[in-house]
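Each remark here refers to the structure printed beneath this line.
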Amino acid sequence: MKRFCVQQYGIWRDRLSASEERASESNQKMVSLCASNLQPGDEVRLVGAPGIVWSTTSSEDSTEVLHTFPTFGQSFLYAEVWRHFAEVDDTLLAALSNPLYFW
């Protein structure tokens with residue numbers, strides 16, 4: 001299993017835990033996305049070749065996202081965080097990960 005981690009100032013890949021290592025050995029293609037330090041209203045998207053394959057919006061109650069799901073048969077996935085900036089009155093890309101490739 002691969003993991004994306006999103007922080008306020010960047011996105012990086014994290015090491016796998018022992019249980020995730022076992023899941024990856026069983027050939028289950030799973031990905032884990034963890035995002036923290038989000039602002040209410042931030043939209044976290046997981047993007048593959050056809051476009052957005054999963055997204056969620058952070059709320060006042062939760063400024064962290066932790067979700068594990070299948071890779072949707074994609075050959076690659078990357079994460080994006082979109083945020084509304086009052087200064088320009090528009091929603092813009094605030095963070096972007098490097099892609100993870102699956103083969």
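Lettering and numbering for the structure tokens are positional, with chains as A, B, ... in the shown order, residues counted from 1 in each chain, and ligands counted from 1 in the shown order.
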
DSSP-assigned strand (DSSP E or B) members of region 20-66 of chain A, reported as a PyMOL selection string: chain A and resi 30-35+43-48+51-57+65-66

Residue contacts of region 58-73 of chain A (9 Å, only C-alpha atoms) excluding same-chain residues fewer than 2 positions away, as a ChimeraX atom specification: /A:3,28-44,48,53,56,75-77,102

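Pairwise distance (CA of Trp82 (chain A), CA of Arg45 (chain A)) equals 8.0 Å.
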
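For the pair CA of Ala95 (chain A) and CA of Ala79 (chain A), the interatomic distance is 8.1 Å.
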
Gap from CA of Pro99 (chain A) to CA of Thr57 (chain A) - Å, one decimal: 20.9 Å

Which residue of A:Gly51, A:Tyr78, A:Arg83, A:Leu46 approaches Ser97 (chain A) most closely, using only C-alpha atoms: A:Tyr78
